[in-house]
Every structure is written in C-alpha cells, then in structure tokens.
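Below you'll find the structure, written out as structure tokens, and then a few comments.
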Amino acid sequence: MKLPPHVTICEVGTRDGFQIEPDWIPTALKIEVVDRLSATGMPRIEVTSFVSPKAVPALRDAEAVMAGITRRPGTRYSALVPNDKGAVRAVDAGVDDIHTVVSASESHNLANVNMTIAESLVKLQATAQVAHRAGKPVYSGISCTFGCPFEGDVPVAQLESVVRRLVDMGARGIGLADTTGMANPAQVARVLEHLVPRFPGVEWTLHTHDTRAMAIPNILAAMEMGVANFDASIGGLGGCPFAPGASGNVCTEDLVHCLDAMGVRTGIDLDQLIETSRRVQEIVGRVLPGQIVKAGKWTRRYPLPDGVRERIPARA
Ligand code: COA
Ligand code: ZN
C-alpha cells in the first residue's frame with residue numbers, strides 16, 4: 001500500500017459532535033474536552049463554530065469556550081464559520097485558523113445555511129477578506145462532496161467549480177466532506193484523481209462520516225491518492241443537524257489506532273486519546289460508536305483457557 005509516513009488529524013468532535021448533542025453541554029466541560037484533546041498531542045482542533053445561535057444553539061457559547069481553553073503550543077485551534085460575521089467573531093476570539101463551510105449541493109446549502117451556493121460564495125469572499133486582514137489562514141470545507149441526501153449524485157464539474165472559487169479566494173486548504181457517509185473508496189479515489197492535479201499547492205483534507213461504515217476505507221483510498229489530512233471525532237461523535245441521516249464522524253481513536261498499527265505517525269498519544277473518549281462518553285451520557293474503547297488495542301492479549309498451555313505442541 002502507498003501510505004504517507006505521517007498524517008495530520010484535525011479533531012472535530014467538539015464542533016461536529018457537540019453541535020448535535022440534544023442536552024446542553026456546560027461550557028466548562030467543553031473546555032475540559034478541548035484541553036484533554038490538546039494534551040494528547042492533537043495537532044489541530046476545530047474547537048467550535050461561530051454560527052447563528054438560533055441555527056445551532058448547542059454552540060452558542062463559542063466565545064466562552066475559546067476564552068477558557070489552555071493553548072498548547074503545537075496545537076492549532078480553529079472554528080467553523082459560514083459568513084464574515086462568524087469570521088469577525090472567530091478572529092476576535094483568537095482562533096489560529098478559519099474553517100469555512102459551503103455545500104456542493106444547492107439543496108443542502110439552502111438547508112444548512114439558508115443561502116444558494118452563489119450567495120454563500122459572496123459571504124465567503126467577505127469571510128476571506130476578514131481572515132486575510134487578520135493574517136489567519138482559511139481552510140474551506142465543502143459539504144456533500146460525494147453525494148447529497150436530498151439530490152443524490154453531485155456532478156464532479158459542479159464540485160470542481162466550487163473548489164475553483166474557494167481556491168481563487170485564497171483558501172490554503174480544501175476539505176472534502178462526506179457529510180452523510182455516502183462516499184465509497186473507489187469514488188473517493190476517482191474524485192481526488194480528478195481534482196488534485198487541477199489545483200497544485202492546495203492542501204487536501206478528507207472529512208468523513210461513518211454512517212455506512214465506509215469512513216476508514218475511504219481514508220485509506222485518500223491516502224493512496226496522497227492525501228495526509230483527515231478530520232475525525234473523538235468517540236465517533238458527530239452529525240449535521242441539517243442533513244437527514246447524518247451520523248458520527250470517523251472515530252478519532254479508531255483512526256489513530258489503525259494508523260499506529262500500520263506504522264503511520266500522527267504525533268498523538270493513543271492511550272490518552274482512549275481515556276479522553278471514555279471521559280466524553282461520561283459527559284454525553286451514552287456509549288459512543290468507537291470500537292477501540294470497547295475492544296482494546298490490537299496488542300491486547302487474553303489469558304489462555306485452563307489446560308491449553310500444556311497442549312500447545314513445541315515448535316521444531
Ligand atoms: N454568528 C452569530 N450570529 C449570526 C451569524 C454568525 N456567524 N450570522 C448571522 N447571524 C445572525 C444575524 O445577525 C441575525 O441576527 P438577528 O436575527 O438578531 O438580526 C440572524 O443571525 C439571521 O441572520 P441572517 O443573515 O438573516 O441569516 P439566516 O437566518 O439566513 O441564517 C446562517 C444564515 C448562515 C447565519 C445560519 O443558517 C447558520 O448559522 N447556519 C449554520 C449551520 C451550521 O452550523 N451547520 C452545521 C455545520 S456544517
Ligand atoms: Zn461533518
């Protein structure tokens with residue numbers, strides 16, 4: 001397999017995950033989770049979003065969360081914004097990077113941010129200006145890259161035109177988001193094969209949801225295509241309130257475990273990550289989808305049943 005020696009993970013659980021938690025998560029607990037995540041060596045954390053508090057009430061404490069976290073050197077802290085108003089708030093709150101959102105599908109964009117794609121791109125132009133004036137890099141995410149829960153297929157030409165506009169606005173990176181877990185590995189490879197050569201110098205990120213158990217296979221396909229940046233969510237939290245059927249992101253500790261097992265470095269302490277996932281389960285009050293918290297790492301060994309050891313034939 002063609003694997004990169006090192007992968008950069010962006011933890012999105014406190015944004016993509018906490019945004020849809022039905023019960024209010026107190027600000028202090030959000031801060032605790034961000035700080036635990038940074039302590040694992042997490043290189044990037046999408047802490048929260050600066051969106052309309054009417055649209056996403058669960059993250060209405062974005063400023064307080066940003067103000068309360070302990071900044072670890074080596075971790076870059078970002079937030080998601082849909083417009084320039086969000087960018088101004090994010091810059092004032094001290095984010096390192098601005099993450100923007102627009103959908104590749106008109107229906108999902110209207111459902112998510114109440115704008116057509118063209119209207120969103122006007123707002124994102126203003127967003128880019130705010131970010132550039134403040135010296136903050138912009139990473140532009142594109143929802144429903146590999147399919148839309150309302151429209152189905154998203155033509156690659158349509159996706160490419162959205163990427164083109166975002167790159168022209170000066171985006172440093174483009175995040176291809178499989179918002180409702182519709183992508184399959186062959187499709188991920190095909191889309192990347194189309195896009196990557198057309199946009200030299202762009203940093204590509206794959207944002208996956210494990211709705212149909214294809215997140216890690218899709219990540220493997222993207223790594224084969226040279227992508228080395230992935231979003232993931234502690235415990236497998238996550239989902240989009242405006243995309244029916246959306247469920248959790250690829251689980252961070254499951255992904256780090258898979259990469260560790262293959263010898264791909266992430267700089268993240270897996271044991272601490274697993275502990276953090278346990279704590280997040282306590283906070284949200286339910287068992288999360290992650291598998292490694294339940295199964296233990298692949299290096300786990302069990303005691304032999306009685307009477308077996310004596311019967312193992314000696315090796316020649
Ligand atoms: N932060 C805080 N408030 C914001 C805001 C932002 N980034 N952008 C707009 N608002 C406020 C406006 O000031 C206005 O406030 P008012 O009612 O007190 O006057 C209100 O929200 C409506 O603004 P408007 O520009 O008319 O937006 P809208 O109602 O059409 O909503 C969005 C558009 C983009 C603001 C809203 O749909 C949104 O925040 N969506 C986020 C979706 C999301 O996070 N999805 C999940 C992640 S992919
Ligand atoms: Zn998502």
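Labeling convention for the structure tokens: chains A, B, ... as they appear, residues from 1 per chain, ligands from 1 in order of appearance.
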
**Request:** Could you pull out the residues sitting within 10 Å of ligand 1, using only C-alpha atoms and all ligand atoms, and write them as JSON, numbers by chain?
**Result:** {"A": [15, 16, 17, 19, 20, 48, 49, 50, 51, 52, 53, 54, 55, 56, 57, 59, 60, 62, 80, 81, 82, 83, 84, 85, 86, 87, 88, 89, 90, 100, 101, 102, 103, 108, 109, 110, 111, 112, 113, 114, 115, 120, 123, 141, 142, 143, 144, 177, 179, 239, 240, 241, 242, 243]}

**Message:** I'd like to know which residues of range 115-147 of chain A are helix (DSSP H, G or I) (by DSSP, run on the backbone); could you write them as a list in words?
**Reply:** Ile117, Ala118, Glu119, Ser120, Leu121, Val122, Lys123, Leu124, Gln125, Ala126, Thr127, Ala128, Gln129, Val130, Ala131, His132 and Arg133 of chain A

Taking C-alpha atoms for each residue, export the selection above as a compact mmCIF listing (two decimals), in the first residue's frame.
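Output file again.txt is given in full below:
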```
# COMPACT_ATOMS: atom_id res chain seq x y z
CA ILE A 117 -24.18 28.31 -3.33
CA ALA A 118 -23.65 31.63 -5.16
CA GLU A 119 -24.91 33.59 -2.12
CA SER A 120 -22.63 31.59 0.17
CA LEU A 121 -19.63 32.27 -2.06
CA VAL A 122 -20.29 36.01 -1.80
CA LYS A 123 -20.29 35.67 2.01
CA LEU A 124 -17.17 33.53 1.87
CA GLN A 125 -15.38 36.17 -0.20
CA ALA A 126 -16.08 38.65 2.62
CA THR A 127 -15.04 35.96 5.12
CA ALA A 128 -11.72 35.51 3.31
CA GLN A 129 -11.11 39.26 3.45
CA VAL A 130 -11.68 39.30 7.22
CA ALA A 131 -9.33 36.33 7.65
CA HIS A 132 -6.61 37.71 5.40
CA ARG A 133 -6.68 41.11 7.12
```

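Computed from the coordinates, the CA of Val191 in chain A to CA of Met1 in chain A distance equals 19.3 Å.
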
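Counting only C-alpha atoms and all ligand atoms and comparing A:Gly170, A:Pro5, A:Gly13, A:Pro22, the residue that lies closest to ligand 2 is A:Gly13.
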
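Counting from CA of Asp271 in chain A, the distance to CA of Cys10 in chain A is 17.6 Å.
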